[in-house]
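Trainee: Have a peek at run_6.cif (mmCIF, C-alpha atoms).
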data_upload
#
loop_
_atom_site.label_atom_id
_atom_site.label_comp_id
_atom_site.auth_asym_id
_atom_site.auth_seq_id
_atom_site.Cartn_x
_atom_site.Cartn_y
_atom_site.Cartn_z
CA MET X 124 14.69 -21.95 -28.21
CA SER X 125 14.89 -20.26 -24.80
CA VAL X 126 12.99 -21.51 -21.76
CA THR X 127 10.84 -18.39 -22.11
CA ASP X 128 9.87 -19.47 -25.65
CA GLU X 129 8.97 -22.92 -24.34
CA LEU X 130 6.72 -21.50 -21.58
CA ILE X 131 5.05 -19.08 -23.99
CA ALA X 132 4.28 -22.02 -26.27
CA ASN X 133 2.63 -23.70 -23.26
CA SER X 134 0.44 -20.60 -22.82
CA GLU X 135 -1.15 -21.20 -26.22
CA ARG X 136 -2.48 -24.53 -24.99
CA TYR X 137 -3.80 -22.80 -21.85
CA ALA X 138 -5.61 -20.15 -23.92
CA ALA X 139 -7.12 -22.82 -26.19
CA ARG X 140 -8.96 -24.43 -23.26
CA HIS X 141 -9.57 -21.22 -21.23
CA ASP X 142 -13.22 -20.81 -20.17
CA LYS X 143 -12.84 -18.41 -17.25
CA GLY X 144 -13.30 -15.11 -19.08
CA ASP X 145 -16.15 -13.89 -16.90
CA LEU X 146 -14.52 -14.03 -13.49
CA PRO X 147 -14.79 -10.80 -11.48
CA LEU X 148 -11.75 -8.82 -10.40
CA PRO X 149 -12.19 -9.27 -6.59
CA PRO X 150 -10.95 -12.66 -5.33
CA ALA X 151 -13.89 -15.01 -4.70
CA LYS X 152 -12.49 -16.35 -1.44
CA GLY X 153 -11.56 -12.94 0.00
CA VAL X 154 -8.07 -14.09 0.89
CA ALA X 155 -4.51 -12.99 0.07
CA VAL X 156 -1.64 -15.48 0.24
CA VAL X 157 1.93 -14.25 0.83
CA ALA X 158 4.42 -17.02 0.03
CA CYS X 159 8.06 -17.56 -0.79
CA MET X 160 8.96 -17.56 -4.51
CA ASP X 161 10.56 -21.03 -4.10
CA ALA X 162 10.04 -23.29 -7.11
CA ARG X 163 8.92 -26.25 -4.98
CA LEU X 164 6.10 -24.30 -3.33
CA ASN X 165 3.00 -24.26 -5.57
CA PRO X 166 0.24 -22.36 -3.71
CA TYR X 167 -2.41 -23.52 -6.21
CA GLY X 168 -1.81 -27.20 -5.68
CA LEU X 169 -1.09 -26.82 -1.99
CA LEU X 170 -4.18 -24.80 -1.04
CA GLY X 171 -6.49 -26.12 -3.75
CA LEU X 172 -6.77 -22.68 -5.36
CA THR X 173 -8.03 -22.09 -8.86
CA GLU X 174 -8.46 -19.04 -11.09
CA GLY X 175 -10.52 -16.33 -9.41
CA ASP X 176 -9.99 -17.50 -5.84
CA ALA X 177 -7.21 -15.49 -4.17
CA HIS X 178 -4.53 -12.87 -4.49
CA VAL X 179 -1.10 -14.49 -4.47
CA ILE X 180 1.86 -12.34 -3.43
CA ARG X 181 5.35 -13.87 -3.53
CA ASN X 182 8.98 -12.90 -3.02
CA ALA X 183 12.29 -14.29 -1.80
CA GLY X 184 11.44 -15.74 1.61
CA GLY X 185 7.79 -14.79 1.70
CA VAL X 186 8.82 -11.89 3.91
CA ILE X 187 6.90 -8.65 4.50
CA THR X 188 8.56 -5.49 3.19
CA ALA X 189 7.06 -2.20 2.00
CA ASP X 190 5.98 -3.78 -1.30
CA GLU X 191 3.99 -6.57 0.34
CA ARG X 192 2.33 -4.01 2.63
CA ARG X 193 1.46 -2.01 -0.51
CA SER X 194 -0.02 -5.10 -2.19
CA LEU X 195 -1.99 -6.08 0.93
CA ALA X 196 -3.38 -2.54 1.32
CA ILE X 197 -4.58 -2.63 -2.30
CA SER X 198 -5.91 -6.19 -1.88
CA GLN X 199 -7.97 -5.30 1.18
CA ARG X 200 -8.97 -1.70 0.49
CA LEU X 201 -9.79 -1.93 -3.21
CA LEU X 202 -10.55 -5.62 -3.77
CA GLY X 203 -12.23 -6.74 -0.57
CA THR X 204 -9.95 -9.41 0.89
CA THR X 205 -10.01 -9.81 4.67
CA GLU X 206 -7.85 -12.87 5.43
CA ILE X 207 -4.08 -13.28 5.00
CA ILE X 208 -2.16 -16.58 4.79
CA LEU X 209 1.65 -16.39 5.13
CA ILE X 210 3.73 -19.35 3.89
CA HIS X 211 7.43 -19.88 4.52
CA HIS X 212 9.00 -23.31 3.87
CA THR X 213 11.72 -25.72 4.96
CA ASP X 214 15.07 -25.77 3.11
CA CYS X 215 14.57 -22.10 2.17
CA GLY X 216 17.41 -20.34 0.38
CA MET X 217 17.02 -17.44 2.81
CA LEU X 218 18.45 -19.69 5.55
CA THR X 219 21.70 -20.20 3.60
CA PHE X 220 23.32 -16.76 3.63
CA GLY X 221 23.63 -13.55 5.60
CA ASP X 222 22.55 -10.05 4.60
CA ASP X 223 25.98 -8.51 5.21
CA ASP X 224 27.89 -11.05 3.10
CA PHE X 225 25.39 -10.97 0.23
CA ARG X 226 25.25 -7.19 0.04
CA ARG X 227 29.07 -6.95 0.36
CA GLN X 228 29.51 -9.46 -2.48
CA ILE X 229 27.29 -7.34 -4.75
CA GLN X 230 29.14 -4.18 -3.76
CA ASP X 231 32.51 -5.81 -4.45
CA GLU X 232 31.38 -6.97 -7.88
CA THR X 233 29.32 -4.02 -9.10
CA GLY X 234 30.63 -1.08 -7.06
CA GLN X 235 27.13 -0.47 -5.68
CA LYS X 236 25.79 -1.68 -2.34
CA PRO X 237 22.09 -2.59 -2.74
CA ASP X 238 19.62 -0.11 -1.25
CA TRP X 239 17.58 -3.01 0.17
CA ALA X 240 18.04 -5.44 3.05
CA ALA X 241 18.36 -9.01 1.73
CA GLU X 242 15.92 -10.20 4.48
CA ALA X 243 17.81 -13.44 5.12
CA PHE X 244 16.78 -15.22 8.31
CA THR X 245 17.98 -18.03 10.58
CA ASP X 246 14.72 -19.22 12.18
CA LEU X 247 11.66 -20.01 10.05
CA ASP X 248 9.05 -19.71 12.79
CA ALA X 249 10.56 -16.48 14.10
CA ASP X 250 10.47 -14.96 10.63
CA VAL X 251 6.83 -15.95 10.13
CA ARG X 252 6.03 -14.22 13.43
CA GLN X 253 8.10 -11.21 12.30
CA SER X 254 6.04 -11.05 9.10
CA ILE X 255 2.78 -11.13 11.06
CA ALA X 256 4.07 -8.37 13.35
CA ARG X 257 4.96 -6.16 10.37
CA ILE X 258 1.46 -6.57 8.92
CA ARG X 259 -0.24 -5.83 12.24
CA ALA X 260 1.90 -2.70 12.74
CA ASP X 261 0.80 -1.15 9.44
CA PRO X 262 -2.37 0.98 9.71
CA SER X 263 -2.80 0.95 5.91
CA ILE X 264 -3.82 -2.76 6.16
CA PRO X 265 -7.28 -2.64 7.78
CA HIS X 266 -8.04 -6.35 8.40
CA THR X 267 -5.45 -8.03 10.61
CA ASP X 268 -7.49 -10.30 12.89
CA GLN X 269 -7.25 -13.17 10.36
CA VAL X 270 -3.50 -13.24 9.67
CA ARG X 271 -2.07 -16.74 10.06
CA GLY X 272 1.39 -18.05 9.30
CA PHE X 273 2.53 -21.50 8.13
CA VAL X 274 5.65 -23.45 7.23
CA PHE X 275 5.45 -25.71 4.14
CA ASP X 276 7.58 -28.85 4.35
CA VAL X 277 9.18 -29.37 0.92
CA LYS X 278 9.90 -33.03 1.74
CA THR X 279 6.44 -34.12 2.87
CA GLY X 280 4.25 -31.50 1.20
CA GLY X 281 2.63 -30.73 4.56
CA LEU X 282 1.74 -27.38 6.09
CA ARG X 283 2.35 -26.59 9.78
CA GLU X 284 0.86 -23.53 11.48
CA VAL X 285 3.25 -21.28 13.39
CA LYS X 286 1.83 -20.51 16.78
CA PRO X 287 2.02 -16.84 17.86
CA MET F 107 -14.90 -22.10 9.56
CA SER F 108 -12.80 -19.35 7.98
CA VAL F 109 -11.61 -19.47 4.37
CA THR F 110 -8.12 -20.00 5.79
CA ASP F 111 -9.34 -23.14 7.59
CA GLU F 112 -10.89 -24.41 4.36
CA LEU F 113 -7.64 -23.89 2.40
CA ILE F 114 -5.56 -25.52 5.13
CA ALA F 115 -7.88 -28.53 4.97
CA ASN F 116 -7.16 -28.67 1.21
CA SER F 117 -3.42 -28.76 2.00
CA GLU F 118 -3.88 -32.08 3.79
CA ARG F 119 -5.09 -33.65 0.55
CA TYR F 120 -2.07 -32.15 -1.25
CA ALA F 121 0.35 -33.58 1.30
CA ALA F 122 -1.29 -37.02 1.08
CA ARG F 123 -0.42 -37.33 -2.62
CA HIS F 124 2.87 -35.35 -2.54
CA ASP F 125 5.76 -37.20 -4.19
CA LYS F 126 8.13 -34.33 -4.94
CA GLY F 127 10.24 -34.39 -1.79
CA ASP F 128 13.54 -34.75 -3.61
CA LEU F 129 13.43 -31.65 -5.82
CA PRO F 130 16.53 -29.44 -5.60
CA LEU F 131 16.37 -25.85 -4.39
CA PRO F 132 17.44 -24.17 -7.70
CA PRO F 133 14.60 -23.89 -10.24
CA ALA F 134 14.93 -26.57 -12.94
CA LYS F 135 14.05 -24.22 -15.79
CA GLY F 136 16.37 -21.40 -14.67
CA VAL F 137 13.60 -18.82 -14.97
CA ALA F 138 11.95 -16.29 -12.67
CA VAL F 139 8.40 -15.11 -13.36
CA VAL F 140 7.22 -11.71 -12.05
CA ALA F 141 3.43 -11.46 -12.29
CA CYS F 142 0.50 -9.51 -10.90
CA MET F 143 -1.16 -10.96 -7.78
CA ASP F 144 -4.53 -10.96 -9.60
CA ALA F 145 -6.74 -13.93 -8.73
CA ARG F 146 -7.54 -14.68 -12.39
CA LEU F 147 -3.86 -15.01 -13.35
CA ASN F 148 -2.56 -18.50 -12.54
CA PRO F 149 1.07 -18.69 -13.69
CA TYR F 150 1.17 -22.48 -13.23
CA GLY F 151 -1.70 -23.20 -15.56
CA LEU F 152 -0.79 -20.42 -17.97
CA LEU F 153 2.88 -21.31 -18.46
CA GLY F 154 2.59 -25.05 -17.83
CA LEU F 155 4.75 -24.83 -14.71
CA THR F 156 4.93 -27.50 -12.07
CA GLU F 157 6.73 -27.88 -8.74
CA GLY F 158 10.47 -27.35 -9.08
CA ASP F 159 10.36 -25.38 -12.33
CA ALA F 160 10.57 -21.65 -11.64
CA HIS F 161 10.68 -18.86 -9.11
CA VAL F 162 7.37 -17.01 -9.02
CA ILE F 163 7.37 -13.44 -7.72
CA ARG F 164 4.06 -11.57 -7.47
CA ASN F 165 2.63 -8.29 -6.25
CA ALA F 166 -0.09 -5.75 -7.00
CA GLY F 167 0.41 -4.99 -10.69
CA GLY F 168 3.42 -7.21 -11.29
CA VAL F 169 5.53 -4.06 -11.02
CA ILE F 170 9.22 -3.83 -10.19
CA THR F 171 10.08 -2.16 -6.89
CA ALA F 172 13.04 -2.62 -4.55
CA ASP F 173 11.61 -5.90 -3.24
CA GLU F 174 11.33 -7.49 -6.69
CA ARG F 175 14.90 -6.37 -7.46
CA ARG F 176 15.95 -8.02 -4.16
CA SER F 177 14.15 -11.24 -5.09
CA LEU F 178 15.60 -11.27 -8.61
CA ALA F 179 19.14 -10.67 -7.31
CA ILE F 180 18.74 -13.64 -4.94
CA SER F 181 17.14 -15.75 -7.70
CA GLN F 182 19.98 -15.14 -10.15
CA ARG F 183 23.00 -14.85 -7.85
CA LEU F 184 22.24 -17.64 -5.39
CA LEU F 185 19.90 -19.96 -7.30
CA GLY F 186 21.08 -19.79 -10.87
CA THR F 187 18.16 -18.34 -12.85
CA THR F 188 19.04 -16.39 -16.00
CA GLU F 189 15.70 -15.59 -17.68
CA ILE F 190 12.91 -13.28 -16.48
CA ILE F 191 9.27 -13.31 -17.62
CA LEU F 192 7.12 -10.31 -16.65
CA ILE F 193 3.32 -10.65 -16.77
CA HIS F 194 0.79 -7.83 -16.47
CA HIS F 195 -2.86 -8.41 -17.47
CA THR F 196 -5.98 -6.78 -18.87
CA ASP F 197 -8.67 -5.42 -16.49
CA CYS F 198 -5.99 -4.89 -13.83
CA GLY F 199 -6.99 -3.19 -10.59
CA MET F 200 -3.95 -0.93 -10.94
CA LEU F 201 -5.67 0.78 -13.88
CA THR F 202 -8.64 1.81 -11.71
CA PHE F 203 -7.15 4.34 -9.30
CA GLY F 204 -4.43 6.95 -8.87
CA ASP F 205 -1.55 6.97 -6.42
CA ASP F 206 -2.42 10.39 -4.99
CA ASP F 207 -6.06 9.57 -4.26
CA PHE F 208 -5.28 6.16 -2.76
CA ARG F 209 -2.53 7.45 -0.48
CA ARG F 210 -4.65 10.47 0.54
CA GLN F 211 -7.56 8.17 1.39
CA ILE F 212 -5.33 6.11 3.67
CA GLN F 213 -3.92 9.24 5.28
CA ASP F 214 -7.40 10.65 5.88
CA GLU F 215 -8.55 7.40 7.49
CA THR F 216 -5.50 6.39 9.52
CA GLY F 217 -3.60 9.65 10.03
CA GLN F 218 -0.56 8.14 8.27
CA LYS F 219 0.41 8.61 4.63
CA PRO F 220 1.94 5.35 3.33
CA ASP F 221 5.72 5.38 2.88
CA TRP F 222 5.34 3.60 -0.49
CA ALA F 223 4.14 4.61 -3.94
CA ALA F 224 0.99 2.69 -4.89
CA GLU F 225 2.47 2.05 -8.38
CA ALA F 226 -0.87 2.53 -10.17
CA PHE F 227 -0.56 2.91 -13.95
CA THR F 228 -2.67 3.97 -16.92
CA ASP F 229 -1.02 2.05 -19.79
CA LEU F 230 -0.31 -1.67 -19.52
CA ASP F 231 2.35 -1.87 -22.22
CA ALA F 232 4.13 1.23 -20.93
CA ASP F 233 4.24 -0.23 -17.43
CA VAL F 234 5.67 -3.50 -18.70
CA ARG F 235 8.42 -1.53 -20.46
CA GLN F 236 8.93 0.50 -17.26
CA SER F 237 9.40 -2.75 -15.33
CA ILE F 238 11.97 -4.03 -17.85
CA ALA F 239 13.83 -0.70 -17.64
CA ARG F 240 13.98 -0.89 -13.83
CA ILE F 241 15.44 -4.40 -13.99
CA ARG F 242 18.02 -3.45 -16.60
CA ALA F 243 19.09 -0.39 -14.57
CA ASP F 244 19.92 -2.48 -11.48
CA PRO F 245 23.51 -3.77 -11.42
CA SER F 246 22.65 -6.26 -8.66
CA ILE F 247 20.69 -8.30 -11.27
CA PRO F 248 23.40 -9.84 -13.46
CA HIS F 249 21.40 -11.48 -16.30
CA THR F 250 19.21 -9.00 -18.16
CA ASP F 251 19.53 -10.07 -21.81
CA GLN F 252 16.55 -12.47 -21.45
CA VAL F 253 13.95 -10.18 -19.86
CA ARG F 254 10.66 -10.30 -21.73
CA GLY F 255 7.32 -8.75 -20.87
CA PHE F 256 3.77 -9.94 -21.62
CA VAL F 257 0.13 -8.98 -21.12
CA PHE F 258 -2.27 -11.76 -20.11
CA ASP F 259 -5.82 -11.33 -21.41
CA VAL F 260 -8.20 -12.34 -18.61
CA LYS F 261 -11.04 -12.80 -21.11
CA THR F 262 -9.34 -15.08 -23.63
CA GLY F 263 -6.57 -16.59 -21.50
CA GLY F 264 -4.02 -15.53 -24.12
CA LEU F 265 -0.58 -13.99 -23.65
CA ARG F 266 0.70 -11.14 -25.83
CA GLU F 267 4.34 -10.04 -25.83
CA VAL F 268 5.04 -6.35 -25.29
CA LYS F 269 7.50 -5.12 -27.88
CA PRO F 270 10.33 -2.94 -26.54
#
Let's see the structure in the file written out as structure tokens.
Mentor:
Amino acid sequence: MSVTDELIANSERYAARHDKGDLPLPPAKGVAVVACMDARLNPYGLLGLTEGDAHVIRNAGGVITADERRSLAISQRLLGTTEIILIHHTDCGMLTFGDDDFRRQIQDETGQKPDWAAEAFTDLDADVRQSIARIRADPSIPHTDQVRGFVFDVKTGGLREVKP
Amino acid sequence: MSVTDELIANSERYAARHDKGDLPLPPAKGVAVVACMDARLNPYGLLGLTEGDAHVIRNAGGVITADERRSLAISQRLLGTTEIILIHHTDCGMLTFGDDDFRRQIQDETGQKPDWAAEAFTDLDADVRQSIARIRADPSIPHTDQVRGFVFDVKTGGLREVKP
């Protein structure tokens, strides 16, 4: 049995006790979270979110690229969110390599250099500020006065706000 | 008090009972989940995931663009995952509009046409298969024999596999 089979079996237990079939499409709390995909970072537990509350957008690093700007534009323009919470975290994999080496390694192995930047970074706070700057620079995202960035500490479970 | 302030206050309760400070960086279950950002879709509850288990990648629609291929390449090449679970869902916002209209509306309002496709779709199953095809076509993602796609039913809480 694959891990996928195991997780799909779990979903049957979820469905059996599911009682949230009438929730509306727009997030109740009007907020979008953009967080790293890291396995130790659980935005539901951390922020006390439950079904229906918030859009959750995640990728390697919790960085802002064209796809996160797309998702935020849809979140705000079509589904009414107005606040954005960015979450990076300590001990992030993105701190452990460089774009050039990673993309070169893929090119050496596959013959194709990726058509994306890996978005590795060396300074957590600076990358949170970079993410905020990318959001604020995009006119397709209308609400940017409530964009705040945080670093989650994977050791303590705490959240620290990054000052502008 | 903003919603962000309220959620940050919740994080203090999370930190107070946090006992997972020793989890390793690589996901314990070796799996990456790519799901829609929808507020009603909680991958932790649905799949029985907890801290340390899996990478979770999310965006509007749960579609595969360059940024998801970047995240999956990092997940597999640097952090050892080998299985991918894709989750779209019923009543998705991406079924309610068209790329042309959405991008034109932004252009009319801001003077700038977005430099991204909105990735709206009209058929859930077809878009899940499209996402699998995009992953399989990318040589930077090494493990593509365990890529399976599902549709989450927001009414019943159930998960249905999309057949290839």
Trainee: For chain F, which residues have at least one atom within 6 Å of chain X, if we go by all atoms listed in the file? Write them as a VMD selection string, please.
Mentor: chain F and resid 113 116 to 117 120 to 121 124 127 133 143 to 146 152 to 154 157 to 166 177 260 to 261 263 to 264
Trainee: Just checking: using all atoms listed in the file, which residue out of F:Asp214, F:Asp207, F:Asp251, F:Asp111 ends up closest to Ile238 in chain F?
Mentor: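 Of F:Asp214, F:Asp207, F:Asp251, F:Asp111, the one nearest Ile238 in chain F, counting all atoms listed in the file, is F:Asp251.
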Trainee: Both chains have the same sequence, so match all Cα atoms in order, fit chain X onto chain F by least squares, and return it as a CSV table (one decimal) with C-alpha atoms, in the coordinates of the input.
Mentor:
chain,number,residue,atom,x,y,z
X,124,MET,CA,-14.9,-22.1,9.6
X,125,SER,CA,-12.8,-19.4,8.0
X,126,VAL,CA,-11.6,-19.5,4.4
X,127,THR,CA,-8.1,-20.0,5.8
X,128,ASP,CA,-9.4,-23.1,7.6
X,129,GLU,CA,-10.9,-24.4,4.4
X,130,LEU,CA,-7.6,-23.9,2.4
X,131,ILE,CA,-5.6,-25.5,5.1
X,132,ALA,CA,-7.9,-28.5,5.0
X,133,ASN,CA,-7.2,-28.7,1.2
X,134,SER,CA,-3.4,-28.8,2.0
X,135,GLU,CA,-3.9,-32.1,3.8
X,136,ARG,CA,-5.1,-33.7,0.5
X,137,TYR,CA,-2.1,-32.1,-1.3
X,138,ALA,CA,0.4,-33.6,1.3
X,139,ALA,CA,-1.3,-37.0,1.1
X,140,ARG,CA,-0.4,-37.3,-2.6
X,141,HIS,CA,2.9,-35.3,-2.5
X,142,ASP,CA,5.8,-37.2,-4.2
X,143,LYS,CA,8.1,-34.3,-5.0
X,144,GLY,CA,10.2,-34.4,-1.8
X,145,ASP,CA,13.6,-34.7,-3.6
X,146,LEU,CA,13.4,-31.7,-5.8
X,147,PRO,CA,16.5,-29.4,-5.6
X,148,LEU,CA,16.4,-25.9,-4.4
X,149,PRO,CA,17.5,-24.2,-7.7
X,150,PRO,CA,14.6,-23.9,-10.2
X,151,ALA,CA,14.9,-26.6,-12.9
X,152,LYS,CA,14.1,-24.2,-15.8
X,153,GLY,CA,16.4,-21.4,-14.7
X,154,VAL,CA,13.6,-18.8,-15.0
X,155,ALA,CA,11.9,-16.3,-12.7
X,156,VAL,CA,8.4,-15.1,-13.4
X,157,VAL,CA,7.2,-11.7,-12.0
X,158,ALA,CA,3.4,-11.5,-12.3
X,159,CYS,CA,0.5,-9.5,-10.9
X,160,MET,CA,-1.2,-11.0,-7.8
X,161,ASP,CA,-4.5,-11.0,-9.6
X,162,ALA,CA,-6.7,-13.9,-8.7
X,163,ARG,CA,-7.5,-14.7,-12.4
X,164,LEU,CA,-3.9,-15.0,-13.4
X,165,ASN,CA,-2.6,-18.5,-12.5
X,166,PRO,CA,1.1,-18.7,-13.7
X,167,TYR,CA,1.2,-22.5,-13.2
X,168,GLY,CA,-1.7,-23.2,-15.6
X,169,LEU,CA,-0.8,-20.4,-18.0
X,170,LEU,CA,2.9,-21.3,-18.5
X,171,GLY,CA,2.6,-25.0,-17.8
X,172,LEU,CA,4.8,-24.8,-14.7
X,173,THR,CA,4.9,-27.5,-12.1
X,174,GLU,CA,6.7,-27.9,-8.7
X,175,GLY,CA,10.5,-27.3,-9.1
X,176,ASP,CA,10.4,-25.4,-12.3
X,177,ALA,CA,10.6,-21.6,-11.6
X,178,HIS,CA,10.7,-18.9,-9.1
X,179,VAL,CA,7.4,-17.0,-9.0
X,180,ILE,CA,7.4,-13.4,-7.7
X,181,ARG,CA,4.1,-11.6,-7.5
X,182,ASN,CA,2.6,-8.3,-6.2
X,183,ALA,CA,-0.1,-5.8,-7.0
X,184,GLY,CA,0.4,-5.0,-10.7
X,185,GLY,CA,3.4,-7.2,-11.3
X,186,VAL,CA,5.5,-4.1,-11.0
X,187,ILE,CA,9.2,-3.8,-10.2
X,188,THR,CA,10.1,-2.1,-6.9
X,189,ALA,CA,13.0,-2.6,-4.5
X,190,ASP,CA,11.6,-5.9,-3.2
X,191,GLU,CA,11.3,-7.5,-6.7
X,192,ARG,CA,14.9,-6.4,-7.5
X,193,ARG,CA,15.9,-8.0,-4.2
X,194,SER,CA,14.1,-11.3,-5.1
X,195,LEU,CA,15.6,-11.3,-8.6
X,196,ALA,CA,19.1,-10.7,-7.3
X,197,ILE,CA,18.7,-13.6,-4.9
X,198,SER,CA,17.1,-15.8,-7.7
X,199,GLN,CA,20.0,-15.1,-10.1
X,200,ARG,CA,23.0,-14.8,-7.9
X,201,LEU,CA,22.2,-17.6,-5.4
X,202,LEU,CA,19.9,-20.0,-7.3
X,203,GLY,CA,21.1,-19.8,-10.9
X,204,THR,CA,18.2,-18.3,-12.8
X,205,THR,CA,19.0,-16.4,-16.0
X,206,GLU,CA,15.7,-15.6,-17.7
X,207,ILE,CA,12.9,-13.3,-16.5
X,208,ILE,CA,9.3,-13.3,-17.6
X,209,LEU,CA,7.1,-10.3,-16.6
X,210,ILE,CA,3.3,-10.7,-16.8
X,211,HIS,CA,0.8,-7.8,-16.5
X,212,HIS,CA,-2.8,-8.4,-17.5
X,213,THR,CA,-6.0,-6.8,-18.9
X,214,ASP,CA,-8.6,-5.4,-16.5
X,215,CYS,CA,-6.0,-4.9,-13.8
X,216,GLY,CA,-7.0,-3.2,-10.6
X,217,MET,CA,-3.9,-0.9,-10.9
X,218,LEU,CA,-5.7,0.8,-13.9
X,219,THR,CA,-8.6,1.8,-11.7
X,220,PHE,CA,-7.2,4.3,-9.3
X,221,GLY,CA,-4.5,6.9,-8.9
X,222,ASP,CA,-1.5,7.0,-6.4
X,223,ASP,CA,-2.4,10.4,-5.0
X,224,ASP,CA,-6.1,9.6,-4.3
X,225,PHE,CA,-5.3,6.2,-2.8
X,226,ARG,CA,-2.5,7.4,-0.5
X,227,ARG,CA,-4.6,10.5,0.5
X,228,GLN,CA,-7.6,8.2,1.4
X,229,ILE,CA,-5.3,6.1,3.7
X,230,GLN,CA,-3.9,9.2,5.3
X,231,ASP,CA,-7.4,10.6,5.9
X,232,GLU,CA,-8.5,7.4,7.5
X,233,THR,CA,-5.5,6.4,9.5
X,234,GLY,CA,-3.6,9.6,10.0
X,235,GLN,CA,-0.5,8.2,8.3
X,236,LYS,CA,0.4,8.6,4.6
X,237,PRO,CA,1.9,5.4,3.3
X,238,ASP,CA,5.7,5.4,2.9
X,239,TRP,CA,5.3,3.6,-0.5
X,240,ALA,CA,4.1,4.6,-3.9
X,241,ALA,CA,1.0,2.7,-4.9
X,242,GLU,CA,2.5,2.1,-8.4
X,243,ALA,CA,-0.9,2.5,-10.2
X,244,PHE,CA,-0.6,2.9,-13.9
X,245,THR,CA,-2.7,4.0,-16.9
X,246,ASP,CA,-1.0,2.1,-19.8
X,247,LEU,CA,-0.3,-1.7,-19.5
X,248,ASP,CA,2.4,-1.9,-22.2
X,249,ALA,CA,4.1,1.2,-20.9
X,250,ASP,CA,4.3,-0.2,-17.4
X,251,VAL,CA,5.7,-3.5,-18.7
X,252,ARG,CA,8.4,-1.5,-20.5
X,253,GLN,CA,8.9,0.5,-17.3
X,254,SER,CA,9.4,-2.8,-15.3
X,255,ILE,CA,12.0,-4.0,-17.8
X,256,ALA,CA,13.8,-0.7,-17.6
X,257,ARG,CA,14.0,-0.9,-13.8
X,258,ILE,CA,15.4,-4.4,-14.0
X,259,ARG,CA,18.0,-3.5,-16.6
X,260,ALA,CA,19.1,-0.4,-14.6
X,261,ASP,CA,19.9,-2.5,-11.5
X,262,PRO,CA,23.5,-3.8,-11.4
X,263,SER,CA,22.6,-6.3,-8.7
X,264,ILE,CA,20.7,-8.3,-11.3
X,265,PRO,CA,23.4,-9.8,-13.5
X,266,HIS,CA,21.4,-11.5,-16.3
X,267,THR,CA,19.2,-9.0,-18.2
X,268,ASP,CA,19.5,-10.1,-21.8
X,269,GLN,CA,16.6,-12.5,-21.4
X,270,VAL,CA,14.0,-10.2,-19.8
X,271,ARG,CA,10.7,-10.3,-21.7
X,272,GLY,CA,7.3,-8.7,-20.9
X,273,PHE,CA,3.8,-9.9,-21.6
X,274,VAL,CA,0.1,-9.0,-21.1
X,275,PHE,CA,-2.3,-11.8,-20.1
X,276,ASP,CA,-5.8,-11.3,-21.4
X,277,VAL,CA,-8.2,-12.3,-18.6
X,278,LYS,CA,-11.1,-12.8,-21.1
X,279,THR,CA,-9.3,-15.1,-23.6
X,280,GLY,CA,-6.6,-16.6,-21.5
X,281,GLY,CA,-4.0,-15.5,-24.1
X,282,LEU,CA,-0.6,-14.0,-23.6
X,283,ARG,CA,0.7,-11.1,-25.8
X,284,GLU,CA,4.3,-10.0,-25.8
X,285,VAL,CA,5.0,-6.3,-25.3
X,286,LYS,CA,7.5,-5.1,-27.9
X,287,PRO,CA,10.3,-2.9,-26.5
Trainee: Counting all atoms listed in the file, which residues come within 6 Å of (15.4, -19.6, 6.3), with the point read in the file's coordinates, and could you list them as a list of chain:residue names?
Mentor: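 Those residues lying close to the given coordinates are X:Cys215, X:Met217, X:Leu218, X:Phe244, X:Thr245, X:Asp246, X:Leu247.
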Trainee: Report the distance between CA of Ala256 in chain X and CA of His212 in chain X in Å, rounded to one decimal place.
Mentor: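 Rounded to one decimal, the two atoms are 18.4 Å apart.
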Trainee: What separation in Å, quoted to one decimal, exists between CA of Leu209 in chain X and CA of Ala243 in chain X?
Mentor: 16.4 Å
Trainee: Could you tell me how far CA of Ile193 in chain F lies from CA of Val274 in chain X, in Å and to one decimal?
Mentor: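 Here the two named atoms are 27.3 Å from each other.
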Trainee: Rank X:Gly272, X:Gly221, X:Gln199, X:Arg227 by their smallest atom-to-atom distance to Asp250 in chain X, using all atoms listed in the file, and report the top residue only.
Mentor: X:Gly272
